[in-house]
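Next up, final.csv (CSV, C-alpha atoms):
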chain,number,residue,atom,x,y,z
K,1069,MET,CA,-20.8,-22.1,-89.0
K,1070,SER,CA,-18.5,-24.5,-87.1
K,1071,GLU,CA,-18.9,-25.1,-83.4
K,1072,LEU,CA,-15.6,-23.3,-82.7
K,1073,GLN,CA,-16.9,-20.2,-84.6
K,1074,GLU,CA,-20.2,-20.3,-82.6
K,1075,GLN,CA,-18.2,-20.3,-79.3
K,1076,LEU,CA,-16.2,-17.4,-80.5
K,1077,GLU,CA,-19.3,-15.4,-81.6
K,1078,SER,CA,-21.1,-16.2,-78.3
K,1079,LEU,CA,-18.1,-15.1,-76.2
K,1080,PHE,CA,-17.7,-11.9,-78.3
K,1081,ASN,CA,-21.4,-11.1,-77.7
K,1082,ASP,CA,-21.1,-11.7,-74.0
K,1083,VAL,CA,-18.0,-9.4,-73.8
K,1084,LYS,CA,-19.9,-6.7,-75.7
K,1085,LYS,CA,-22.9,-6.9,-73.4
K,1086,SER,CA,-20.6,-6.7,-70.3
K,1087,ALA,CA,-18.7,-3.7,-71.8
K,1088,THR,CA,-22.0,-2.0,-72.5
K,1089,LYS,CA,-23.2,-2.5,-68.9
K,1090,LEU,CA,-19.9,-1.0,-67.7
K,1091,SER,CA,-20.2,2.0,-70.1
K,1092,ILE,CA,-16.8,1.2,-71.6
K,1093,ASP,CA,-17.4,3.3,-74.7
K,1094,LYS,CA,-18.6,6.3,-72.7
K,1095,LYS,CA,-15.6,6.1,-70.5
K,1096,VAL,CA,-13.3,5.9,-73.5
K,1097,ASN,CA,-14.8,9.1,-74.9
K,1098,GLN,CA,-14.5,10.7,-71.5
K,1099,SER,CA,-10.9,9.8,-71.4
K,1100,LYS,CA,-10.3,11.3,-74.9
K,1101,GLU,CA,-12.0,14.5,-73.9
K,1102,LEU,CA,-9.9,14.9,-70.8
K,1103,GLU,CA,-6.7,14.2,-72.8
K,1104,ILE,CA,-7.6,17.0,-75.2
K,1105,LEU,CA,-8.2,19.3,-72.2
K,1106,SER,CA,-4.8,18.3,-70.8
K,1107,THR,CA,-3.1,19.6,-74.0
K,1108,LYS,CA,-4.5,23.1,-73.8
K,1109,ASP,CA,-2.5,26.1,-72.8
K,1110,GLY,CA,-2.6,26.9,-69.1
K,1111,PHE,CA,-3.7,23.5,-68.1
K,1112,TRP,CA,-0.9,23.2,-65.5
K,1113,ASN,CA,-1.5,26.7,-64.1
K,1114,ASN,CA,-3.8,25.0,-61.5
K,1115,SER,CA,-1.5,22.2,-60.4
K,1116,ASN,CA,-4.0,20.5,-58.0
K,1117,ASN,CA,-6.8,20.5,-60.7
K,1118,ALA,CA,-4.3,19.3,-63.4
K,1119,GLN,CA,-3.2,16.4,-61.2
K,1120,THR,CA,-6.8,15.4,-60.4
K,1121,ILE,CA,-7.6,15.3,-64.2
K,1122,MET,CA,-4.4,13.3,-65.0
K,1123,LYS,CA,-5.3,10.8,-62.3
K,1124,GLN,CA,-8.9,10.6,-63.7
K,1125,ILE,CA,-7.4,9.9,-67.2
K,1126,ALA,CA,-5.2,7.1,-65.8
K,1127,ASP,CA,-8.1,5.6,-63.8
K,1128,LEU,CA,-10.3,5.6,-66.9
K,1129,LYS,CA,-7.6,3.9,-69.0
K,1130,THR,CA,-7.0,1.3,-66.4
K,1131,GLY,CA,-10.7,0.4,-66.4
K,1132,THR,CA,-11.3,0.4,-70.1
K,1133,GLU,CA,-8.1,-0.7,-71.9
K,1134,PRO,CA,-8.4,-4.4,-70.9
K,1135,TRP,CA,-12.0,-4.6,-72.3
K,1136,ILE,CA,-11.0,-2.8,-75.5
K,1137,LYS,CA,-8.1,-5.1,-76.0
K,1138,LEU,CA,-10.2,-8.2,-75.4
K,1139,GLN,CA,-12.8,-7.2,-77.9
K,1140,GLU,CA,-10.1,-6.4,-80.5
K,1141,ASN,CA,-8.4,-9.8,-79.9
K,1142,LEU,CA,-11.7,-11.7,-80.2
K,1143,GLN,CA,-12.5,-9.8,-83.5
K,1144,GLU,CA,-9.1,-10.9,-84.9
K,1145,ILE,CA,-9.6,-14.5,-83.8
K,1146,ILE,CA,-13.1,-14.6,-85.4
K,1147,GLU,CA,-11.7,-13.3,-88.7
K,1148,LEU,CA,-9.0,-15.9,-88.4
K,1149,SER,CA,-11.5,-18.7,-87.8
K,1150,ALA,CA,-13.3,-17.8,-91.0
K,1151,MET,CA,-10.3,-18.7,-93.2
K,1152,SER,CA,-11.4,-22.4,-93.2
K,1153,ASP,CA,-7.9,-23.7,-92.6
K,1154,PRO,CA,-7.9,-26.8,-90.3
K,1155,THR,CA,-4.2,-26.4,-89.6
K,1156,ILE,CA,-4.9,-23.3,-87.5
K,1157,ASP,CA,-7.9,-24.6,-85.5
K,1158,LYS,CA,-5.8,-25.8,-82.7
K,1159,ASP,CA,-4.2,-22.4,-82.3
K,1160,ILE,CA,-7.6,-20.8,-82.4
K,1161,GLU,CA,-8.9,-23.1,-79.7
K,1162,LEU,CA,-5.9,-22.1,-77.4
K,1163,GLN,CA,-6.6,-18.4,-78.1
K,1164,LEU,CA,-10.3,-19.0,-77.2
K,1165,VAL,CA,-9.4,-20.6,-73.9
K,1166,ALA,CA,-7.1,-17.7,-73.1
K,1167,ALA,CA,-9.8,-15.2,-74.1
K,1168,LYS,CA,-12.4,-17.0,-71.8
K,1169,LYS,CA,-9.9,-16.8,-68.9
K,1170,THR,CA,-9.4,-13.1,-69.5
K,1171,TYR,CA,-13.1,-12.5,-69.7
K,1172,ASN,CA,-13.8,-14.4,-66.4
K,1173,GLN,CA,-11.2,-12.2,-64.7
K,1174,LEU,CA,-12.6,-9.0,-66.1
K,1175,LYS,CA,-16.2,-10.1,-65.5
K,1176,LYS,CA,-15.7,-9.4,-61.8
K,1177,ASP,CA,-16.0,-5.7,-62.7
K,1178,LEU,CA,-19.7,-6.3,-63.2
K,1179,GLN,CA,-20.0,-6.5,-59.4
K,1180,TYR,CA,-19.1,-2.8,-59.3
K,1181,THR,CA,-21.7,-0.9,-61.3
K,1182,GLU,CA,-23.4,1.0,-58.4
K,1183,PRO,CA,-22.8,4.7,-57.7
K,1184,PHE,CA,-19.2,5.5,-56.7
K,1185,ASP,CA,-18.0,1.8,-57.0
K,1186,ASP,CA,-15.2,2.9,-59.3
K,1187,HIS,CA,-13.9,5.4,-56.7
K,1188,GLY,CA,-11.1,5.3,-54.2
K,1189,VAL,CA,-12.0,4.6,-50.6
K,1190,ILE,CA,-11.9,6.1,-47.1
K,1191,ILE,CA,-12.0,3.7,-44.2
K,1192,ALA,CA,-12.7,4.9,-40.7
K,1193,ILE,CA,-12.4,2.5,-37.7
K,1194,TYR,CA,-13.8,3.3,-34.3
K,1195,ALA,CA,-13.4,1.3,-31.1
K,1196,GLY,CA,-16.8,0.4,-29.6
K,1197,ALA,CA,-18.0,-1.3,-26.5
K,1198,GLY,CA,-15.3,-3.3,-24.6
K,1199,GLY,CA,-12.8,-0.8,-23.2
K,1200,THR,CA,-9.2,-1.6,-23.8
K,1201,ASP,CA,-10.1,-4.8,-25.6
K,1202,ALA,CA,-12.2,-2.9,-28.0
K,1203,GLN,CA,-9.4,-0.4,-28.7
K,1204,ASP,CA,-7.0,-3.3,-29.3
K,1205,TRP,CA,-9.6,-4.9,-31.6
K,1206,ALA,CA,-9.8,-1.6,-33.6
K,1207,GLN,CA,-6.1,-1.7,-34.1
K,1208,MET,CA,-6.3,-5.4,-35.2
K,1209,LEU,CA,-8.8,-4.3,-37.9
K,1210,GLU,CA,-6.5,-1.4,-38.9
K,1211,ARG,CA,-3.7,-3.9,-39.4
K,1212,MET,CA,-6.0,-6.3,-41.3
K,1213,TYR,CA,-6.9,-3.6,-43.9
K,1214,LEU,CA,-3.4,-2.3,-44.2
K,1215,ARG,CA,-2.3,-5.9,-44.9
K,1216,TRP,CA,-4.9,-6.2,-47.6
K,1217,PHE,CA,-3.8,-3.0,-49.2
K,1218,ASP,CA,-0.2,-4.2,-49.1
K,1219,GLN,CA,-1.1,-7.5,-50.7
K,1220,ASN,CA,-2.9,-5.7,-53.5
K,1221,ASN,CA,0.0,-3.2,-54.1
K,1222,ILE,CA,-2.0,-0.3,-52.9
K,1223,LYS,CA,-0.4,2.5,-50.9
K,1224,PRO,CA,-2.8,3.8,-48.3
K,1225,SER,CA,-2.5,7.0,-46.3
K,1226,ILE,CA,-3.3,7.5,-42.6
K,1227,VAL,CA,-5.4,10.7,-42.5
K,1228,ASP,CA,-6.0,10.8,-38.8
K,1229,ARG,CA,-5.3,8.4,-35.8
K,1230,SER,CA,-6.1,8.5,-32.1
K,1231,ALA,CA,-4.2,6.1,-29.9
K,1232,GLY,CA,-5.8,4.4,-26.9
K,1233,GLU,CA,-4.8,5.0,-23.3
K,1234,GLU,CA,-3.4,1.6,-22.5
K,1235,ALA,CA,-3.3,-0.2,-25.9
K,1236,GLY,CA,-4.8,-0.1,-29.4
K,1237,ILE,CA,-6.5,2.9,-31.0
K,1238,LYS,CA,-9.7,4.9,-30.4
K,1239,SER,CA,-10.0,5.6,-34.1
K,1240,VAL,CA,-8.2,5.8,-37.3
K,1241,THR,CA,-9.0,7.1,-40.8
K,1242,ILE,CA,-7.3,5.6,-43.9
K,1243,GLU,CA,-7.7,6.7,-47.5
K,1244,ALA,CA,-6.5,5.0,-50.6
K,1245,ASP,CA,-6.8,5.3,-54.4
K,1246,GLY,CA,-7.3,2.4,-56.8
K,1247,GLN,CA,-9.6,0.8,-59.4
K,1248,PHE,CA,-13.0,-0.1,-57.9
K,1249,LEU,CA,-11.7,0.2,-54.3
K,1250,TYR,CA,-14.9,1.5,-52.9
K,1251,GLY,CA,-16.8,-1.2,-54.8
K,1252,LYS,CA,-14.6,-3.9,-53.3
K,1253,LEU,CA,-14.5,-2.7,-49.8
K,1254,LYS,CA,-18.0,-1.2,-49.2
K,1255,GLY,CA,-19.2,-4.6,-47.8
K,1256,GLU,CA,-16.8,-4.0,-44.8
K,1257,HIS,CA,-19.1,-1.2,-43.6
K,1258,GLY,CA,-20.7,-1.9,-40.3
K,1259,VAL,CA,-20.0,-3.3,-36.8
K,1260,HIS,CA,-17.3,-6.0,-36.4
K,1261,ARG,CA,-17.6,-8.3,-33.4
K,1262,LEU,CA,-14.6,-10.2,-31.8
K,1263,VAL,CA,-14.8,-13.0,-29.2
K,1264,ARG,CA,-11.6,-14.1,-27.6
K,1265,LEU,CA,-9.8,-14.7,-24.3
K,1266,SER,CA,-8.8,-11.2,-23.2
K,1267,PRO,CA,-5.1,-10.4,-22.9
K,1268,PHE,CA,-6.0,-7.4,-20.7
K,1269,ASN,CA,-7.4,-9.1,-17.6
K,1270,SER,CA,-5.5,-11.2,-15.1
K,1271,ASP,CA,-8.2,-14.0,-15.2
K,1272,ASN,CA,-7.9,-14.3,-19.0
K,1273,LEU,CA,-11.7,-14.4,-19.3
K,1274,ARG,CA,-13.6,-14.5,-22.6
K,1275,GLN,CA,-14.3,-11.0,-23.8
K,1276,THR,CA,-16.6,-9.7,-26.6
K,1277,SER,CA,-15.5,-6.5,-28.2
K,1278,PHE,CA,-17.0,-4.3,-30.9
K,1279,ALA,CA,-15.5,-1.9,-33.5
K,1280,LYS,CA,-17.3,0.1,-36.1
K,1281,VAL,CA,-16.0,0.4,-39.6
K,1282,ASP,CA,-17.2,3.2,-41.9
K,1283,VAL,CA,-16.4,2.7,-45.6
K,1284,LEU,CA,-16.9,5.8,-47.8
K,1285,PRO,CA,-16.3,6.5,-51.5
K,1286,LYS,CA,-13.5,9.0,-51.8
K,1287,ILE,CA,-15.1,12.1,-53.4
K,1288,ASP,CA,-12.1,14.4,-54.0
K,1289,ARG,CA,-13.6,16.2,-57.1
K,1290,PRO,CA,-15.9,19.0,-55.8
K,1291,ALA,CA,-18.1,18.8,-59.0
K,1292,GLU,CA,-19.2,15.3,-58.0
K,1293,LEU,CA,-21.0,16.5,-54.9
K,1294,GLU,CA,-21.4,20.3,-54.6
K,1295,LEU,CA,-21.8,21.8,-51.2
K,1296,ASP,CA,-23.4,25.1,-50.3
K,1297,GLU,CA,-20.9,27.1,-48.3
K,1298,LYS,CA,-23.8,28.6,-46.3
K,1299,GLU,CA,-24.5,25.2,-44.9
K,1300,LEU,CA,-21.0,24.7,-43.6
K,1301,LYS,CA,-19.6,25.8,-40.3
K,1302,VAL,CA,-15.8,25.9,-40.3
K,1303,ASP,CA,-13.8,26.1,-37.1
K,1304,VAL,CA,-10.0,26.3,-36.9
K,1305,TYR,CA,-8.1,25.5,-33.7
K,1306,ARG,CA,-4.7,24.6,-32.3
K,1307,ALA,CA,-3.8,21.0,-33.1
K,1308,GLY,CA,-3.1,18.7,-30.2
K,1309,GLY,CA,-0.7,15.7,-29.8
K,1310,HIS,CA,2.9,15.3,-31.0
K,1311,GLY,CA,4.0,16.7,-34.3
K,1312,GLY,CA,6.6,18.7,-36.2
K,1313,GLN,CA,7.4,22.3,-36.5
K,1314,SER,CA,4.3,24.6,-36.2
K,1315,VAL,CA,2.1,21.8,-34.8
K,1316,ASN,CA,0.6,23.0,-31.4
K,1317,THR,CA,1.8,26.5,-32.1
K,1318,THR,CA,-0.6,27.5,-34.9
K,1319,ASP,CA,-4.3,27.1,-35.6
K,1320,SER,CA,-3.8,24.4,-38.2
K,1321,ALA,CA,-6.5,22.0,-37.2
K,1322,VAL,CA,-9.9,22.3,-39.0
K,1323,ARG,CA,-13.4,21.1,-38.0
K,1324,ILE,CA,-16.2,21.4,-40.6
K,1325,THR,CA,-19.8,20.8,-39.7
K,1326,HIS,CA,-22.5,20.2,-42.3
K,1327,ILE,CA,-25.3,22.0,-40.6
K,1328,PRO,CA,-28.4,20.3,-42.2
K,1329,THR,CA,-27.2,16.7,-41.2
K,1330,GLY,CA,-25.0,17.5,-38.3
K,1331,ILE,CA,-22.1,15.6,-39.8
K,1332,THR,CA,-18.8,16.8,-38.4
K,1333,VAL,CA,-15.2,16.2,-39.7
K,1334,ALA,CA,-12.2,17.2,-37.8
K,1335,ILE,CA,-8.6,16.9,-39.1
K,1336,GLN,CA,-5.4,17.9,-37.3
K,1337,ASN,CA,-2.5,16.4,-39.2
K,1338,GLU,CA,1.1,17.7,-39.3
K,1339,ARG,CA,0.2,19.9,-42.3
K,1340,SER,CA,-1.1,23.3,-43.1
K,1341,GLN,CA,-4.6,24.6,-42.4
K,1342,ILE,CA,-5.3,24.7,-46.1
K,1343,GLN,CA,-4.3,21.0,-46.6
K,1344,ASN,CA,-6.3,20.0,-43.5
K,1345,LYS,CA,-9.4,21.8,-44.8
K,1346,GLU,CA,-9.1,20.1,-48.2
K,1347,THR,CA,-8.8,16.7,-46.5
K,1348,ALA,CA,-11.8,17.5,-44.3
K,1349,MET,CA,-13.9,18.6,-47.3
K,1350,THR,CA,-13.0,15.3,-49.1
K,1351,ILE,CA,-14.1,13.2,-46.1
K,1352,LEU,CA,-17.3,15.4,-45.6
K,1353,ARG,CA,-18.3,14.9,-49.3
K,1354,SER,CA,-17.6,11.2,-49.0
K,1355,ARG,CA,-19.7,10.9,-45.9
K,1356,LEU,CA,-22.6,12.8,-47.5
K,1357,ALA,CA,-22.3,10.6,-50.6
K,1358,ALA,CA,-22.4,7.5,-48.5
K,1359,LEU,CA,-25.4,8.8,-46.6
K,1360,GLN,CA,-27.2,9.5,-49.9
K,1361,ILE,CA,-26.6,6.0,-51.0
K,1362,ALA,CA,-27.8,4.6,-47.7
K,1363,GLN,CA,-31.0,6.7,-47.6
K,1364,HIS,CA,-31.7,6.4,-51.4
K,1365,LYS,CA,-31.9,10.2,-51.7
K,1366,SER,CA,-31.2,12.1,-54.9
K,1367,THR,CA,-30.4,15.4,-53.3
K,1368,LEU,CA,-28.5,16.6,-50.2
K,1369,GLU,CA,-31.6,18.6,-49.1
K,1370,ASP,CA,-33.5,15.3,-48.5
K,1371,LEU,CA,-30.9,13.8,-46.1
K,1372,LYS,CA,-32.0,13.3,-42.5
K,1373,GLY,CA,-28.6,12.9,-41.0
K,1374,PRO,CA,-26.8,9.7,-39.9
K,1375,ASN,CA,-28.5,7.3,-37.6
K,1376,THR,CA,-25.4,6.1,-35.9
K,1377,SER,CA,-27.0,4.5,-32.8
K,1378,ALA,CA,-28.9,1.9,-34.7
K,1379,GLU,CA,-25.8,0.6,-36.4
K,1380,TRP,CA,-24.2,-0.6,-33.2
K,1381,GLY,CA,-26.8,-3.2,-32.6
K,1382,ASN,CA,-26.2,-5.3,-35.7
K,1383,GLN,CA,-22.8,-6.7,-36.4
K,1384,ILE,CA,-22.1,-7.6,-40.0
K,1385,ARG,CA,-19.4,-10.1,-39.1
K,1386,ASN,CA,-18.2,-12.2,-36.2
K,1387,TYR,CA,-14.6,-13.1,-35.5
K,1388,VAL,CA,-14.4,-15.9,-32.9
K,1389,LEU,CA,-11.0,-16.9,-31.6
K,1390,HIS,CA,-12.3,-18.8,-28.5
K,1391,PRO,CA,-13.8,-21.4,-27.7
K,1392,TYR,CA,-13.5,-22.3,-31.4
K,1393,LYS,CA,-12.1,-20.5,-34.4
K,1394,GLN,CA,-14.4,-19.0,-37.0
K,1395,VAL,CA,-15.1,-15.9,-39.1
K,1396,LYS,CA,-18.7,-15.7,-40.4
K,1397,ASP,CA,-20.3,-12.9,-42.4
K,1398,SER,CA,-23.9,-12.5,-41.5
K,1399,ARG,CA,-24.9,-11.1,-44.9
K,1400,SER,CA,-23.2,-13.4,-47.4
K,1401,GLY,CA,-23.1,-16.4,-45.1
K,1402,PHE,CA,-19.4,-16.9,-45.9
K,1403,GLU,CA,-17.5,-18.6,-43.1
K,1404,THR,CA,-14.0,-19.9,-42.5
K,1405,SER,CA,-12.3,-21.7,-39.7
K,1406,ASP,CA,-9.1,-19.8,-40.3
K,1407,PRO,CA,-9.6,-16.4,-38.7
K,1408,GLN,CA,-5.8,-15.7,-38.6
K,1409,SER,CA,-5.6,-15.6,-42.4
K,1410,VAL,CA,-8.5,-13.1,-42.4
K,1411,LEU,CA,-6.8,-11.0,-39.8
K,1412,ASP,CA,-3.6,-11.2,-41.9
K,1413,GLY,CA,-5.4,-9.4,-44.7
K,1414,LYS,CA,-6.8,-12.3,-46.8
K,1415,LEU,CA,-10.1,-10.6,-47.3
K,1416,ASP,CA,-10.8,-11.5,-51.0
K,1417,PRO,CA,-13.0,-14.5,-50.3
K,1418,LEU,CA,-15.2,-12.4,-48.0
K,1419,ILE,CA,-15.2,-9.5,-50.5
K,1420,ASP,CA,-16.1,-11.8,-53.4
K,1421,ALA,CA,-18.8,-13.6,-51.4
K,1422,TYR,CA,-20.5,-10.3,-50.5
K,1423,ASN,CA,-20.2,-8.6,-54.0
K,1424,SER,CA,-21.1,-11.6,-56.1
K,1425,ARG,CA,-24.6,-11.3,-54.9
K,1426,ASN,CA,-25.0,-8.4,-57.3
K,1427,ILE,CA,-24.1,-10.3,-60.5

Go ahead and express the file in the form of structure tokens.
Amino acid sequence: MSELQEQLESLFNDVKKSATKLSIDKKVNQSKELEILSTKDGFWNNSNNAQTIMKQIADLKTGTEPWIKLQENLQEIIELSAMSDPTIDKDIELQLVAAKKTYNQLKKDLQYTEPFDDHGVIIAIYAGAGGTDAQDWAQMLERMYLRWFDQNNIKPSIVDRSAGEEAGIKSVTIEADGQFLYGKLKGEHGVHRLVRLSPFNSDNLRQTSFAKVDVLPKIDRPAELELDEKELKVDVYRAGGHGGQSVNTTDSAVRITHIPTGITVAIQNERSQIQNKETAMTILRSRLAALQIAQHKSTLEDLKGPNTSAEWGNQIRNYVLHPYKQVKDSRSGFETSDPQSVLDGKLDPLIDAYNSRNI
């Protein structure tokens, strides 16, 4: 066997091992089963369920087709290399280089093999200690994540938003769908600390502000995390704030409390009570799933409820704009002297530094 053939065989085996680790064959079979289901009579009778399944099929194909194509291409190149024709060796070498480049890009998927890594994401940002500065900081973080979504051609949706009294926001909840979104962004979960000269006091003194970012896997399929209706307290009330027709005049806002853990989700968008309840249930499932991951519990019954007070004492990342410029992540050790690029949404170096620890 020539050195070129050995390199091809080695790469093919590496690709197969990675595909196995990512359960590519299992996902392909799952996609086929769902496609068969989508052809049955009455499939579109339940529009919401049908749309969920079609989205599931699309996500499965997006995640598996590049791996299948790479394996097929490598198989063809290996067969070509066995022809013992020196005139095609140069072409095979070029194809090998291209295959390696493709594999190195796909190999990043290996960072995302933990539960729910392949799901969409829900990001909730809350202003912390620091008054108006903290609310402004929360809005800066909102802008940062929206910029990142835009740069990655992802269309997020603002689920809920509460403006600050003078500036900024008290809180915002954003949801988005995409391949491995939760896996990519889960490292953003935690307290973010900003140090800068305050634009909100006349003395322009240095101010330290905090904001908390919750990153949750988007669980919009009830079967993934089943809830006992008896453990839920559902309250409906009149939505507050500005809005369109029927807002402030009907009981469209919904608050759902998971009694065992005390987790509460309240949604009051410019939509119907039914839609608000569906959104609230998605967020509730997502929070419970994240809590399961954090507490390493296999069932909902074992959950103790969130310990929110402890989280505020340990920031995961510092953003310093004065007296020097730096962003430093306390977990991965990644740092940069260009905080503006980070605040403009260039988060990929931070994301890769955090997630590459798992490879």

>> Give me the residues near stretch 1159-1161 of chain K as a ChimeraX atom specification, where near means some atom within 8 Å (using only C-alpha atoms) and where sequence neighbours in that chain fewer than 2 positions away do not count.
In response: /K:1072,1145,1148-1149,1156-1157,1163-1165

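Atom pair atom CA of K:Glu1210 / atom CA of K:Ala1192 has a distance of 9.0 Å (rounded to one decimal).
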
> How many Å lie between atom CA of K:Leu1418 and atom CA of K:Glu1292, rounded to one decimal?
Replying inline: 29.7 Å

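Compared by their closest atoms to K:Gln1207, and using all atoms listed in the file, the residues K:Ala1291, K:Leu1273, K:Leu1411, K:Ile1324 rank with K:Leu1411 nearest.
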
> Out of K:Ala1244, K:Leu1262, K:Val1395, K:Val1304, which residue has the shortest atom-to-atom distance to K:His1187 when counting all atoms listed in the file?
Replying inline: K:Ala1244

> Taking (-16.6, -14.5, -53.5) in the file's coordinates, which residues come within 12 Å, counting only C-alpha atoms, written as a list in words?
Replying inline: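 Checked against the point, the hits come out as Lys1176, Gln1179, Lys1252, Gly1255, Asp1397, Ser1400, Gly1401, Phe1402, Glu1403, Leu1415, Asp1416, Pro1417, Leu1418, Ile1419, Asp1420, Ala1421, Tyr1422, Asn1423, Ser1424, Arg1425, Asn1426 and Ile1427 of chain K.
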
> Near stretch 1111-1119 of chain K, counting only C-alpha atoms, which residues have an atom at most 12 Å away, once you skip same-chain residues fewer than 4 positions from it, shown as a list in words?
Replying inline: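 Here the qualifying residues turn out to be Leu1102, Glu1103, Ile1104, Leu1105, Ser1106, Thr1107, Lys1123, Gln1124, Ile1125, Ala1126, Asp1288, Arg1289, Pro1290, Ala1291, Gln1343 and Glu1346 of chain K.
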
Store the residues picked out above in a file with C-alpha atoms, as a short mmCIF file (atom, residue, chain, number, x, y, z; two decimals), in the frame of the given file.
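Ended up saving to again21.cif:
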data_model
loop_
_atom_site.label_atom_id
_atom_site.label_comp_id
_atom_site.auth_asym_id
_atom_site.auth_seq_id
_atom_site.Cartn_x
_atom_site.Cartn_y
_atom_site.Cartn_z
CA LEU K 1102 -9.90 14.90 -70.80
CA GLU K 1103 -6.70 14.20 -72.80
CA ILE K 1104 -7.60 17.00 -75.20
CA LEU K 1105 -8.20 19.30 -72.20
CA SER K 1106 -4.80 18.30 -70.80
CA THR K 1107 -3.10 19.60 -74.00
CA LYS K 1123 -5.30 10.80 -62.30
CA GLN K 1124 -8.90 10.60 -63.70
CA ILE K 1125 -7.40 9.90 -67.20
CA ALA K 1126 -5.20 7.10 -65.80
CA ASP K 1288 -12.10 14.40 -54.00
CA ARG K 1289 -13.60 16.20 -57.10
CA PRO K 1290 -15.90 19.00 -55.80
CA ALA K 1291 -18.10 18.80 -59.00
CA GLN K 1343 -4.30 21.00 -46.60
CA GLU K 1346 -9.10 20.10 -48.20
#

> Which is closest to K:Arg1261 among K:Ser1225, K:Ser1398, K:Gln1363, K:Thr1120, if we use only C-alpha atoms?
Replying inline: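 For K:Arg1261, the nearest of the given residues is K:Ser1398.
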
> So which one's closest to K:Gln1360, K:Ile1190, K:Thr1329, K:Leu1076, K:Thr1155? Using all atoms listed in the file, please.
Replying inline: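 Under the stated criterion, the closest residue is K:Thr1329.
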
> In terms of the shortest atom-to-atom distance over only C-alpha atoms, which of K:Ile1327, K:Leu1265, K:Ile1222, K:Ala1279 is closest to K:Met1208?
Replying inline: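 For K:Met1208, the nearest of the given residues is K:Ala1279.
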